[in-house]
$ cat coords.cif   # mmCIF, C-alpha atoms and all ligand atoms
data_structure
loop_
_atom_site.label_atom_id
_atom_site.label_comp_id
_atom_site.auth_asym_id
_atom_site.auth_seq_id
_atom_site.Cartn_x
_atom_site.Cartn_y
_atom_site.Cartn_z
CA MET P 117 123.97 49.81 -55.88
CA LYS P 118 120.82 48.44 -54.27
CA HIS P 119 117.76 50.61 -54.85
CA SER P 120 116.98 50.43 -51.13
CA ILE P 121 120.28 52.20 -50.26
CA ILE P 122 119.56 55.00 -52.72
CA LYS P 123 116.16 55.44 -51.03
CA LEU P 124 117.80 55.51 -47.58
CA GLU P 125 120.44 58.04 -48.60
CA SER P 126 117.84 60.42 -50.00
CA LEU P 127 115.80 60.04 -46.80
CA LEU P 128 118.87 60.84 -44.69
CA ASN P 129 119.46 63.94 -46.81
CA LYS P 130 115.87 65.07 -46.43
CA HIS P 131 116.07 64.79 -42.64
CA GLU P 132 119.58 66.35 -42.51
CA ILE P 133 121.02 63.25 -40.87
CA ASP P 134 124.44 62.08 -42.08
CA SER P 135 124.58 58.45 -40.93
CA ALA P 136 122.51 55.53 -39.74
CA ILE P 137 123.15 52.50 -37.54
CA ILE P 138 120.86 49.65 -38.67
CA THR P 139 120.25 46.79 -36.24
CA LYS P 140 116.82 45.36 -37.16
CA LYS P 141 117.31 42.04 -38.96
CA SER P 142 114.75 42.72 -41.72
CA ASN P 143 116.19 46.19 -42.34
CA ILE P 144 119.73 44.77 -42.55
CA ARG P 145 118.54 42.30 -45.19
CA TYR P 146 116.61 45.01 -47.05
CA PHE P 147 119.57 47.37 -47.37
CA SER P 148 122.46 44.92 -47.67
CA GLY P 149 121.18 41.45 -48.61
CA PHE P 150 122.85 39.93 -45.51
CA THR P 151 120.76 37.01 -44.25
CA SER P 152 122.35 36.29 -40.86
CA GLU P 153 121.17 37.51 -37.45
CA ASP P 154 124.61 38.65 -36.39
CA GLY P 155 125.43 41.93 -38.05
CA ILE P 156 125.01 45.69 -37.84
CA LEU P 157 125.08 48.17 -40.72
CA LEU P 158 126.79 51.53 -40.47
CA ILE P 159 125.72 53.70 -43.39
CA HIS P 160 127.11 57.12 -44.34
CA SER P 161 126.95 58.81 -47.74
CA LYS P 162 130.71 58.24 -48.18
CA ALA P 163 131.02 54.69 -46.82
CA ARG P 164 128.98 51.64 -45.87
CA TYR P 165 129.99 48.89 -43.44
CA LEU P 166 128.62 45.54 -42.40
CA ILE P 167 129.96 44.92 -38.90
CA THR P 168 129.92 41.22 -38.01
CA ASP P 169 132.20 38.53 -36.61
CA PHE P 170 134.67 36.02 -38.00
CA ARG P 171 131.97 33.42 -38.76
CA TYR P 172 130.20 35.67 -41.28
CA ILE P 173 133.00 37.54 -43.04
CA GLU P 174 132.96 35.39 -46.19
CA GLN P 175 129.14 35.24 -46.29
CA GLY P 176 128.97 39.02 -45.88
CA GLU P 177 131.42 39.61 -48.71
CA ILE P 178 129.38 37.40 -51.04
CA GLN P 179 125.95 38.74 -50.07
CA CYS P 180 126.72 42.44 -49.59
CA PRO P 181 128.75 43.86 -52.51
CA ASP P 182 127.75 47.43 -51.55
CA PHE P 183 129.36 47.12 -48.09
CA GLN P 184 132.81 46.77 -46.58
CA VAL P 185 132.67 43.79 -44.24
CA ILE P 186 134.35 44.44 -40.88
CA ASP P 187 135.23 41.93 -38.15
CA ALA P 188 134.29 44.05 -35.11
CA ALA P 189 131.46 42.36 -33.23
CA GLY P 190 130.66 42.59 -29.50
CA PRO P 191 132.84 44.97 -27.47
CA LYS P 192 134.69 46.10 -30.62
CA THR P 193 131.53 47.52 -32.23
CA ALA P 194 131.10 50.80 -30.33
CA PRO P 195 134.80 51.84 -30.67
CA PHE P 196 134.69 51.01 -34.41
CA ILE P 197 131.53 53.08 -34.90
CA LYS P 198 133.04 56.01 -32.98
CA GLU P 199 136.34 55.96 -34.85
CA THR P 200 134.66 55.59 -38.25
CA LEU P 201 132.06 58.30 -37.71
CA GLU P 202 134.74 60.71 -36.47
CA LYS P 203 136.85 60.02 -39.56
CA LEU P 204 133.84 60.65 -41.80
CA GLY P 205 133.04 63.87 -39.97
CA ALA P 206 129.57 62.66 -38.97
CA LYS P 207 127.47 64.77 -36.62
CA LYS P 208 123.99 63.23 -36.53
CA VAL P 209 123.33 59.48 -36.49
CA TRP P 210 119.98 57.76 -36.70
CA PHE P 211 119.37 54.63 -34.65
CA GLU P 212 116.26 52.42 -34.58
CA ASP P 213 114.83 53.37 -31.19
CA GLY P 214 112.09 50.73 -31.49
CA VAL P 215 114.68 47.97 -31.88
CA ILE P 216 117.93 48.68 -30.05
CA SER P 217 118.19 47.65 -26.38
CA PHE P 218 118.59 50.31 -23.71
CA ARG P 219 121.96 48.82 -22.77
CA THR P 220 123.24 49.04 -26.35
CA TYR P 221 121.98 52.60 -26.60
CA LEU P 222 123.92 53.54 -23.46
CA THR P 223 127.07 51.87 -24.83
CA TYR P 224 126.89 53.77 -28.13
CA ASN P 225 125.98 57.00 -26.42
CA GLU P 226 128.90 56.70 -24.03
CA ALA P 227 131.31 55.94 -26.90
CA LEU P 228 130.15 58.80 -29.09
CA LYS P 229 129.96 61.39 -26.25
CA GLU P 230 128.57 64.75 -27.23
CA ASP P 231 130.56 65.20 -30.48
CA ILE P 232 128.18 62.96 -32.41
CA GLN P 233 124.47 62.99 -31.70
CA LEU P 234 122.40 59.78 -31.63
CA ILE P 235 118.89 60.53 -32.94
CA PRO P 236 115.93 58.13 -32.72
CA ASP P 237 114.52 57.37 -36.19
CA GLN P 238 110.98 56.77 -34.89
CA ASP P 239 110.48 53.93 -37.41
CA VAL P 240 111.21 56.15 -40.40
CA ILE P 241 113.90 53.73 -41.65
CA SER P 242 111.48 50.75 -41.61
CA SER P 243 108.83 52.84 -43.37
CA LEU P 244 111.01 52.82 -46.50
CA ARG P 245 109.94 49.19 -46.94
CA ILE P 246 106.23 50.02 -47.19
CA ILE P 247 106.17 50.22 -51.02
CA LYS P 248 107.38 46.96 -52.55
CA SER P 249 109.38 46.67 -55.78
CA LEU P 250 108.27 44.21 -58.49
CA GLU P 251 110.94 41.78 -57.30
CA GLU P 252 109.68 41.95 -53.73
CA VAL P 253 106.08 41.43 -54.85
CA ASN P 254 107.17 38.43 -56.93
CA ASN P 255 108.69 36.81 -53.84
CA ILE P 256 105.52 37.42 -51.82
CA ARG P 257 103.38 36.13 -54.70
CA ASP P 258 105.44 32.91 -54.82
CA ALA P 259 105.16 32.50 -51.05
CA ALA P 260 101.37 33.03 -51.22
CA ALA P 261 101.04 30.50 -54.08
CA LEU P 262 102.94 27.91 -52.05
CA SER P 263 100.62 28.54 -49.08
CA ASP P 264 97.58 28.01 -51.33
CA LYS P 265 99.02 24.59 -52.22
CA GLY P 266 99.62 23.91 -48.52
CA PHE P 267 95.98 24.63 -47.73
CA LEU P 268 94.76 22.18 -50.37
CA HIS P 269 97.24 19.62 -49.05
CA ILE P 270 96.14 19.85 -45.42
CA LEU P 271 92.45 19.47 -46.25
CA ASP P 272 93.12 15.77 -47.02
CA TYR P 273 94.41 15.18 -43.48
CA ILE P 274 91.48 16.59 -41.51
CA ARG P 275 89.41 13.81 -39.92
CA PRO P 276 87.87 13.14 -36.49
CA GLY P 277 90.52 12.34 -33.89
CA ILE P 278 93.51 14.06 -35.52
CA SER P 279 95.14 16.70 -33.32
CA GLU P 280 95.81 20.35 -34.06
CA LEU P 281 99.53 19.67 -33.61
CA ASP P 282 99.48 16.84 -36.14
CA LEU P 283 97.87 19.13 -38.69
CA ALA P 284 100.27 22.01 -37.99
CA ILE P 285 103.30 19.72 -38.32
CA GLU P 286 102.03 18.15 -41.56
CA LEU P 287 101.39 21.60 -43.03
CA GLU P 288 104.82 22.87 -41.98
CA PHE P 289 106.49 19.77 -43.47
CA PHE P 290 104.68 20.30 -46.78
CA LEU P 291 105.58 24.00 -47.00
CA ARG P 292 109.24 23.44 -46.15
CA LYS P 293 109.61 20.44 -48.43
CA ASN P 294 108.21 22.55 -51.27
CA GLY P 295 110.58 25.46 -50.89
CA SER P 296 109.53 27.61 -47.94
CA GLU P 297 112.56 29.00 -46.03
CA GLY P 298 111.29 28.24 -42.55
CA LEU P 299 107.87 29.71 -41.85
CA ALA P 300 106.61 33.30 -41.89
CA PHE P 301 105.44 32.64 -38.29
CA PRO P 302 104.44 29.58 -36.22
CA ILE P 303 101.36 27.95 -37.78
CA ILE P 304 98.02 28.50 -36.06
CA ALA P 305 95.71 25.48 -36.25
CA ALA P 306 92.83 26.14 -33.84
CA SER P 307 89.74 23.96 -33.59
CA GLY P 308 86.42 24.08 -31.76
CA ASN P 309 86.57 26.27 -28.65
CA ASN P 310 90.22 27.12 -29.36
CA GLY P 311 89.03 28.95 -32.48
CA SER P 312 87.90 31.86 -30.31
CA LEU P 313 91.56 32.60 -29.45
CA PRO P 314 92.81 34.62 -32.44
CA HIS P 315 96.42 33.53 -31.88
CA ALA P 316 95.89 30.06 -30.39
CA GLU P 317 98.89 27.73 -30.34
CA PRO P 318 98.30 24.27 -31.85
CA SER P 319 97.68 21.74 -29.05
CA ASN P 320 97.06 18.04 -28.56
CA LYS P 321 93.33 18.74 -28.78
CA THR P 322 91.72 16.46 -31.33
CA ILE P 323 89.28 17.68 -33.98
CA GLU P 324 85.72 16.41 -33.58
CA ASN P 325 82.67 16.42 -35.82
CA GLY P 326 80.80 19.70 -35.98
CA GLU P 327 83.89 21.80 -35.16
CA PHE P 328 85.47 24.60 -37.11
CA ILE P 329 89.20 24.62 -37.61
CA THR P 330 91.12 27.78 -38.47
CA PHE P 331 94.51 27.66 -40.20
CA ASP P 332 96.57 30.86 -40.22
CA PHE P 333 99.99 30.45 -41.78
CA GLY P 334 102.56 31.78 -44.22
CA SER P 335 105.52 30.64 -46.29
CA LYS P 336 108.78 32.48 -46.84
CA ILE P 337 110.51 32.87 -50.23
CA GLY P 338 113.60 35.02 -50.82
CA GLY P 339 113.17 36.31 -47.25
CA TYR P 340 109.60 37.51 -47.96
CA CYS P 341 106.55 36.30 -46.04
CA SER P 342 103.03 35.42 -47.06
CA ASP P 343 100.03 35.30 -44.71
CA MET P 344 96.64 33.63 -45.19
CA THR P 345 93.82 32.24 -43.06
CA ARG P 346 91.03 29.84 -43.87
CA THR P 347 88.42 28.32 -41.57
CA VAL P 348 86.82 24.99 -42.53
CA SER P 349 84.24 22.74 -40.88
CA LEU P 350 84.58 19.05 -40.02
CA GLY P 351 81.04 17.79 -40.62
CA GLU P 352 77.96 20.01 -40.46
CA PRO P 353 78.41 23.06 -38.20
CA ASN P 354 75.58 24.31 -35.96
CA ASP P 355 73.51 27.32 -37.06
CA GLN P 356 75.47 29.85 -35.03
CA LEU P 357 78.85 28.76 -36.42
CA ARG P 358 77.40 28.79 -39.91
CA GLN P 359 76.08 32.30 -39.31
CA ILE P 360 79.37 33.74 -38.03
CA TYR P 361 81.08 32.19 -41.04
CA GLU P 362 78.70 33.91 -43.46
CA VAL P 363 79.00 37.26 -41.63
CA THR P 364 82.82 37.09 -41.60
CA LEU P 365 82.93 36.18 -45.29
CA GLN P 366 80.60 39.03 -46.27
CA ALA P 367 82.62 41.46 -44.11
CA GLN P 368 85.81 40.31 -45.83
CA LEU P 369 84.26 40.76 -49.29
CA ASN P 370 83.00 44.24 -48.34
CA ALA P 371 86.48 45.27 -47.19
CA LEU P 372 88.07 43.90 -50.37
CA LYS P 373 85.59 45.89 -52.46
CA ALA P 374 86.86 49.08 -50.77
CA MET P 375 90.57 48.16 -51.12
CA GLY P 376 92.61 50.35 -53.44
CA PRO P 377 94.89 53.39 -53.73
CA GLY P 378 93.74 56.55 -52.00
CA LYS P 379 91.81 54.75 -49.26
CA THR P 380 93.02 54.90 -45.68
CA GLY P 381 93.39 51.85 -43.45
CA VAL P 382 90.53 53.20 -41.31
CA GLU P 383 88.18 53.40 -44.30
CA VAL P 384 88.82 49.83 -45.44
CA ASP P 385 88.65 48.48 -41.88
CA LYS P 386 85.30 50.25 -41.43
CA GLN P 387 83.70 48.30 -44.30
CA ALA P 388 84.23 45.02 -42.45
CA ARG P 389 83.70 46.41 -38.95
CA ASP P 390 80.40 48.16 -39.67
CA TYR P 391 78.98 45.05 -41.34
CA ILE P 392 79.96 42.77 -38.43
CA GLN P 393 78.55 45.36 -36.02
CA SER P 394 75.25 45.49 -37.96
CA LYS P 395 74.90 41.72 -37.51
CA GLY P 396 75.35 42.00 -33.75
CA TYR P 397 78.90 40.64 -33.49
CA GLY P 398 80.82 43.94 -33.21
CA GLU P 399 82.30 43.16 -29.80
CA TYR P 400 83.62 39.81 -31.08
CA PHE P 401 85.87 41.38 -33.74
CA GLY P 402 88.54 42.80 -31.45
CA HIS P 403 91.50 43.24 -33.77
CA GLY P 404 92.35 45.33 -36.82
CA LEU P 405 91.38 44.32 -40.36
CA GLY P 406 94.92 43.92 -41.64
CA HIS P 407 98.60 44.78 -41.74
CA GLY P 408 101.45 45.16 -44.19
CA VAL P 409 103.47 42.04 -45.06
CA GLY P 410 107.01 41.87 -46.44
CA LEU P 411 110.35 40.82 -44.93
CA ASP P 412 108.41 40.86 -41.64
CA VAL P 413 104.99 39.27 -41.43
CA HIS P 414 103.68 42.27 -39.51
CA GLU P 415 104.84 45.63 -40.84
CA ALA P 416 103.44 48.96 -41.94
CA PRO P 417 100.81 50.00 -42.88
CA THR P 418 98.07 49.05 -40.45
CA LEU P 419 94.46 48.66 -41.57
CA SER P 420 92.56 49.38 -38.38
CA LEU P 421 90.93 52.16 -36.36
CA ARG P 422 94.48 53.63 -36.11
CA GLY P 423 95.34 53.28 -39.79
CA ASP P 424 95.39 56.85 -41.07
CA LYS P 425 97.97 56.09 -43.77
CA MET P 426 96.72 56.20 -47.36
CA LEU P 427 97.06 53.00 -49.40
CA GLU P 428 99.40 53.33 -52.41
CA PRO P 429 100.34 51.10 -55.34
CA GLY P 430 103.02 48.60 -54.29
CA MET P 431 101.81 48.15 -50.71
CA VAL P 432 101.09 44.55 -49.72
CA VAL P 433 98.43 44.20 -47.00
CA SER P 434 96.31 41.48 -45.43
CA CYS P 435 92.49 41.59 -45.16
CA GLU P 436 91.42 39.42 -42.25
CA PRO P 437 88.23 40.07 -40.34
CA GLY P 438 87.19 37.50 -37.75
CA ILE P 439 84.50 36.72 -35.20
CA TYR P 440 85.48 34.99 -31.95
CA LEU P 441 82.80 33.64 -29.60
CA PRO P 442 84.37 32.56 -26.27
CA GLY P 443 83.54 28.93 -25.47
CA LYS P 444 81.92 28.37 -28.85
CA GLY P 445 84.50 28.86 -31.57
CA GLY P 446 85.71 31.36 -34.11
CA VAL P 447 86.15 32.24 -37.74
CA ARG P 448 88.81 34.24 -39.56
CA ILE P 449 89.25 34.62 -43.31
CA GLU P 450 92.44 36.28 -44.54
CA ASP P 451 93.67 37.19 -48.00
CA LEU P 452 96.84 39.04 -48.96
CA VAL P 453 96.62 41.74 -51.63
CA VAL P 454 99.00 44.02 -53.48
CA ILE P 455 97.62 47.50 -54.12
CA LYS P 456 97.70 48.45 -57.82
CA GLU P 457 97.21 51.73 -59.73
CA GLU P 458 93.58 50.66 -59.92
CA GLY P 459 92.28 48.40 -57.18
CA PHE P 460 94.39 45.44 -56.13
CA GLU P 461 95.61 41.95 -56.98
CA ASN P 462 94.64 39.17 -54.57
CA LEU P 463 97.68 36.93 -54.02
CA VAL P 464 95.61 34.23 -52.27
CA SER P 465 93.42 32.06 -54.46
CA SER P 466 92.09 29.39 -52.07
CA PRO P 467 88.27 29.20 -52.01
CA LYS P 468 86.38 31.13 -49.34
CA GLU P 469 82.93 29.52 -49.46
CA LEU P 470 82.53 27.35 -46.34
CA ILE P 471 84.23 23.99 -46.93
CA ILE P 472 82.51 21.14 -45.06
CA LEU P 473 84.72 18.05 -44.87
ZN ZN A 1 97.57 35.46 -40.75
ZN ZN A 2 97.76 38.52 -40.88
#
$ encode --input "coords.cif" --output "structure tokens" --more "lines below"
Ligand code: ZN
Ligand code: ZN
Amino acid sequence: MKHSIIKLESLLNKHEIDSAIITKKSNIRYFSGFTSEDGILLIHSKARYLITDFRYIEQGEIQCPDFQVIDAAGPKTAPFIKETLEKLGAKKVWFEDGVISFRTYLTYNEALKEDIQLIPDQDVISSLRIIKSLEEVNNIRDAAALSDKGFLHILDYIRPGISELDLAIELEFFLRKNGSEGLAFPIIAASGNNGSLPHAEPSNKTIENGEFITFDFGSKIGGYCSDMTRTVSLGEPNDQLRQIYEVTLQAQLNALKAMGPGKTGVEVDKQARDYIQSKGYGEYFGHGLGHGVGLDVHEAPTLSLRGDKMLEPGMVVSCEPGIYLPGKGGVRIEDLVVIKEEGFENLVSSPKELIIL
């Protein structure tokens, strides 16, 4: 049986819950191996079901040996859940309250009536994914290595007059042709003034001499994401851009130095934040230092002012300070690390000294 199911069943026991309805796509994949969008898991200590429709029955049977695959999608789902839970003698059922729609909740609640209680899991189910197994880390490591190659590849294409969109498309083509299953998220390729928008969408804007360009992107291998950011300069940057690059880089190195088991997200974030603040750019670093990465590109834990969770071996987190000056440009430098018994392993190996093309 999958290790993830054993972890879930012991968590259910601990919370005195007898069953769980799993609807979040990444959680479905984590517990069952099912890769399609269209399925729901019903998990009880005595039985496990993948509820899907006709199109996915064969796929489900191949991918999910720990589950009975049931053709009961759409309006058949709630009656199937009710009948099954009653047969199993279930009383308390977890559902992912951060995921399920209000309408679906009402449908399930109406079907189950008061005999079986629906209880919000408050993200406890997803939190099982916070510590990665060796196999999970290997997938993320492969995805990060492919992204490193993608970064080297795209450097050859940067020249005056090429657009952000052209660069983003070329990078996506390279990653996918070399084994990435789609992308971890839409590629960010932001140049010049657009660089001050942390999540800018690539546009028709062309890259000109003296501008920074920030690439934030990730590959996907075995369902697992990677995430990295590099900022490079086309021609010589002005003094202020050069300065915010140096400050961001030093902040990133300071945070990495503090990264390791036993530290909280707040403590690591503070290393970068205090340094940027001391250089006068505090108000231009408006987001957290990092986040967990796995089947989802943004998952627990958070490394920010709200990150009170302690880092533990097996967590995979990003480290990505940035400085964004409206109307002038921005810098972000992001690595992805796996926390080890001592310190961490950096999964991103692309250079971080300012590259001037
Ligand atoms: Zn990123
Ligand atoms: Zn990130």
$ closest_atom_pairs --input "coords.cif" --of "chain P" --to "ligand ZN 1 (chain A)" --cutoff "10 Å" --atoms "only C-alpha atoms and all ligand atoms" --output "CSV"
residue,atom,partner,partner_atom,distance
P:Ala300,CA,A:ZN1,ZN,9.4
P:Phe301,CA,A:ZN1,ZN,8.7
P:Ile303,CA,A:ZN1,ZN,8.9
P:Ile304,CA,A:ZN1,ZN,8.4
P:Pro314,CA,A:ZN1,ZN,9.6
P:His315,CA,A:ZN1,ZN,9.2
P:Phe331,CA,A:ZN1,ZN,8.4
P:Asp332,CA,A:ZN1,ZN,4.7
P:Phe333,CA,A:ZN1,ZN,5.7
P:Gly334,CA,A:ZN1,ZN,7.1
P:Ser342,CA,A:ZN1,ZN,8.3
P:Asp343,CA,A:ZN1,ZN,4.7
P:Met344,CA,A:ZN1,ZN,4.9
P:Thr345,CA,A:ZN1,ZN,5.5
P:Arg346,CA,A:ZN1,ZN,9.2
P:Gly406,CA,A:ZN1,ZN,8.9
P:His407,CA,A:ZN1,ZN,9.4
P:Val409,CA,A:ZN1,ZN,9.8
P:Val413,CA,A:ZN1,ZN,8.4
P:His414,CA,A:ZN1,ZN,9.2
P:Ser434,CA,A:ZN1,ZN,7.7
P:Cys435,CA,A:ZN1,ZN,9.1
P:Glu436,CA,A:ZN1,ZN,7.5
P:Arg448,CA,A:ZN1,ZN,8.9
P:Ile449,CA,A:ZN1,ZN,8.7
P:Glu450,CA,A:ZN1,ZN,6.4
P:Asp451,CA,A:ZN1,ZN,8.4
P:Leu452,CA,A:ZN1,ZN,9.0
$ residues_around --input "coords.cif" --residues "Val382 of chain P" --least-positions-apart "6" --cutoff "9 Å" --atoms "all atoms listed in the file" --output "PDB file with C-alpha atoms, keeping the file's coordinate frame"
ATOM      1  CA  LEU P 405      91.380  44.320 -40.360  1.00  0.00           C
ATOM      2  CA  THR P 418      98.070  49.050 -40.450  1.00  0.00           C
ATOM      3  CA  LEU P 419      94.460  48.660 -41.570  1.00  0.00           C
ATOM      4  CA  SER P 420      92.560  49.380 -38.380  1.00  0.00           C
ATOM      5  CA  LEU P 421      90.930  52.160 -36.360  1.00  0.00           C
ATOM      6  CA  ARG P 422      94.480  53.630 -36.110  1.00  0.00           C
ATOM      7  CA  GLY P 423      95.340  53.280 -39.790  1.00  0.00           C
ATOM      8  CA  ASP P 424      95.390  56.850 -41.070  1.00  0.00           C
ATOM      9  CA  LYS P 425      97.970  56.090 -43.770  1.00  0.00           C
TER      10      LYS P 425
END
$ residues_around --input "coords.cif" --residues "Gly445 of chain P" --least-positions-apart "6" --cutoff "8 Å" --atoms "only C-alpha atoms" --output "PDB file with C-alpha atoms, in the frame of the given file"
ATOM      1  CA  SER P 307      89.740  23.960 -33.590  1.00  0.00           C
ATOM      2  CA  GLY P 308      86.420  24.080 -31.760  1.00  0.00           C
ATOM      3  CA  ASN P 309      86.570  26.270 -28.650  1.00  0.00           C
ATOM      4  CA  ASN P 310      90.220  27.120 -29.360  1.00  0.00           C
ATOM      5  CA  GLY P 311      89.030  28.950 -32.480  1.00  0.00           C
ATOM      6  CA  SER P 312      87.900  31.860 -30.310  1.00  0.00           C
ATOM      7  CA  GLU P 327      83.890  21.800 -35.160  1.00  0.00           C
ATOM      8  CA  PHE P 328      85.470  24.600 -37.110  1.00  0.00           C
ATOM      9  CA  LEU P 357      78.850  28.760 -36.420  1.00  0.00           C
TER      10      LEU P 357
END
$ closest_residue --input "coords.cif" --among "P:Leu128, P:Ile156, P:Leu204, P:Ile138" --to "Asp187 of chain P" --atoms "all atoms listed in the file"
P:Ile156
$ residues_near_point --input "coords.cif" --point "(87.1, 46.1, -33.8)" --cutoff "12 Å" --atoms "all atoms listed in the file" --output "CSV table (one decimal) with C-alpha atoms, keeping the file's coordinate frame"
chain,number,residue,atom,x,y,z
P,382,VAL,CA,90.5,53.2,-41.3
P,385,ASP,CA,88.6,48.5,-41.9
P,386,LYS,CA,85.3,50.2,-41.4
P,387,GLN,CA,83.7,48.3,-44.3
P,388,ALA,CA,84.2,45.0,-42.4
P,389,ARG,CA,83.7,46.4,-39.0
P,390,ASP,CA,80.4,48.2,-39.7
P,391,TYR,CA,79.0,45.0,-41.3
P,392,ILE,CA,80.0,42.8,-38.4
P,393,GLN,CA,78.6,45.4,-36.0
P,397,TYR,CA,78.9,40.6,-33.5
P,398,GLY,CA,80.8,43.9,-33.2
P,399,GLU,CA,82.3,43.2,-29.8
P,400,TYR,CA,83.6,39.8,-31.1
P,401,PHE,CA,85.9,41.4,-33.7
P,402,GLY,CA,88.5,42.8,-31.4
P,403,HIS,CA,91.5,43.2,-33.8
P,404,GLY,CA,92.4,45.3,-36.8
P,405,LEU,CA,91.4,44.3,-40.4
P,406,GLY,CA,94.9,43.9,-41.6
P,419,LEU,CA,94.5,48.7,-41.6
P,420,SER,CA,92.6,49.4,-38.4
P,421,LEU,CA,90.9,52.2,-36.4
P,422,ARG,CA,94.5,53.6,-36.1
P,436,GLU,CA,91.4,39.4,-42.2
P,437,PRO,CA,88.2,40.1,-40.3
P,438,GLY,CA,87.2,37.5,-37.8
P,439,ILE,CA,84.5,36.7,-35.2
P,440,TYR,CA,85.5,35.0,-32.0
$ residues_around --input "coords.cif" --residues "segment 233-250 of chain P" --least-positions-apart "6" --cutoff "9 Å" --atoms "all atoms listed in the file" --output "NGL selection string"
:P and (120 or 123-124 or 127 or 133 or 136 or 138 or 140 or 142-143 or 146 or 206-214 or 221 or 224-225 or 408-411 or 415-417 or 428-432 or 454)
$ closest_residue --input "coords.cif" --among "P:Ile274, P:Ala284, P:Cys341, P:Ala316" --to "Ile472 of chain P" --atoms "only C-alpha atoms"
P:Ile274
$ atom_distance --input "coords.cif" --atom1 "atom CA of Glu202 of chain P" --atom2 "atom CA of His131 of chain P"
20.1 Å
$ closest_residue --input "coords.cif" --among "P:Pro181, P:Gly446, P:Leu473, P:Glu362" --to "Glu324 of chain P" --atoms "only C-alpha atoms"
P:Leu473
$ closest_residue --input "coords.cif" --among "P:Gly351, P:Gly339, P:Gly443, P:Gly155" --to "Pro276 of chain P" --atoms "only C-alpha atoms"
P:Gly351
$ residues_near_point --input "coords.cif" --point "(77.8, 28.3, -40.7)" --cutoff "12 Å" --atoms "all atoms listed in the file" --output "number ranges by chain"
P: 326-328, 347-365, 445-447, 469-472
$ atom_distance --input "coords.cif" --atom1 "atom ZN of ligand ZN 2 (chain A)" --atom2 "atom CA of Ile144 of chain P"
22.9 Å
$ atom_distance --input "coords.cif" --atom1 "atom CA of Pro302 of chain P" --atom2 "atom CA of Glu251 of chain P"
25.2 Å
$ closest_residue --input "coords.cif" --among "P:Leu281, P:Leu287, P:Val384, P:Ala259" --to "Ile337 of chain P" --atoms "all atoms listed in the file"
P:Ala259
$ closest_residue --input "coords.cif" --among "P:Ala188, P:Leu262, P:Leu222, P:Val433" --to "Ala371 of chain P" --atoms "all atoms listed in the file"
P:Val433
$ build_atoms --input "coords.cif" --residues "segment 152-165 of chain P" --atoms "N, CA and C atoms" --output "mmCIF file, in the coordinates of the input"
data_model
loop_
_atom_site.group_PDB
_atom_site.id
_atom_site.type_symbol
_atom_site.label_atom_id
_atom_site.label_comp_id
_atom_site.auth_asym_id
_atom_site.auth_seq_id
_atom_site.Cartn_x
_atom_site.Cartn_y
_atom_site.Cartn_z
ATOM 1 N N SER P 152 122.125 36.783 -42.221
ATOM 2 C CA SER P 152 122.350 36.290 -40.860
ATOM 3 C C SER P 152 121.789 37.258 -39.813
ATOM 4 N N GLU P 153 121.627 36.711 -38.598
ATOM 5 C CA GLU P 153 121.170 37.510 -37.450
ATOM 6 C C GLU P 153 122.264 38.455 -36.964
ATOM 7 N N ASP P 154 123.530 38.012 -37.128
ATOM 8 C CA ASP P 154 124.610 38.650 -36.390
ATOM 9 C C ASP P 154 125.352 39.701 -37.211
ATOM 10 N N GLY P 155 124.769 40.854 -37.333
ATOM 11 C CA GLY P 155 125.430 41.930 -38.050
ATOM 12 C C GLY P 155 124.784 43.263 -37.724
ATOM 13 N N ILE P 156 125.507 44.321 -38.000
ATOM 14 C CA ILE P 156 125.010 45.690 -37.840
ATOM 15 C C ILE P 156 125.481 46.456 -39.068
ATOM 16 N N LEU P 157 124.646 47.334 -39.602
ATOM 17 C CA LEU P 157 125.080 48.170 -40.720
ATOM 18 C C LEU P 157 125.387 49.565 -40.204
ATOM 19 N N LEU P 158 126.477 50.125 -40.723
ATOM 20 C CA LEU P 158 126.790 51.530 -40.470
ATOM 21 C C LEU P 158 126.808 52.191 -41.845
ATOM 22 N N ILE P 159 125.878 53.118 -42.048
ATOM 23 C CA ILE P 159 125.720 53.700 -43.390
ATOM 24 C C ILE P 159 125.939 55.219 -43.336
ATOM 25 N N HIS P 160 126.826 55.682 -44.206
ATOM 26 C CA HIS P 160 127.110 57.120 -44.340
ATOM 27 C C HIS P 160 127.191 57.357 -45.844
ATOM 28 N N SER P 161 126.966 58.587 -46.289
ATOM 29 C CA SER P 161 126.950 58.810 -47.740
ATOM 30 C C SER P 161 128.303 58.475 -48.382
ATOM 31 N N LYS P 162 129.373 58.513 -47.603
ATOM 32 C CA LYS P 162 130.710 58.240 -48.180
ATOM 33 C C LYS P 162 131.187 56.799 -47.969
ATOM 34 N N ALA P 163 130.531 56.054 -47.101
ATOM 35 C CA ALA P 163 131.020 54.690 -46.820
ATOM 36 C C ALA P 163 129.927 53.855 -46.175
ATOM 37 N N ARG P 164 129.981 52.547 -46.450
ATOM 38 C CA ARG P 164 128.980 51.640 -45.870
ATOM 39 C C ARG P 164 129.674 50.403 -45.320
ATOM 40 N N TYR P 165 129.325 50.033 -44.089
ATOM 41 C CA TYR P 165 129.990 48.890 -43.440
ATOM 42 C C TYR P 165 128.973 47.875 -42.943
#
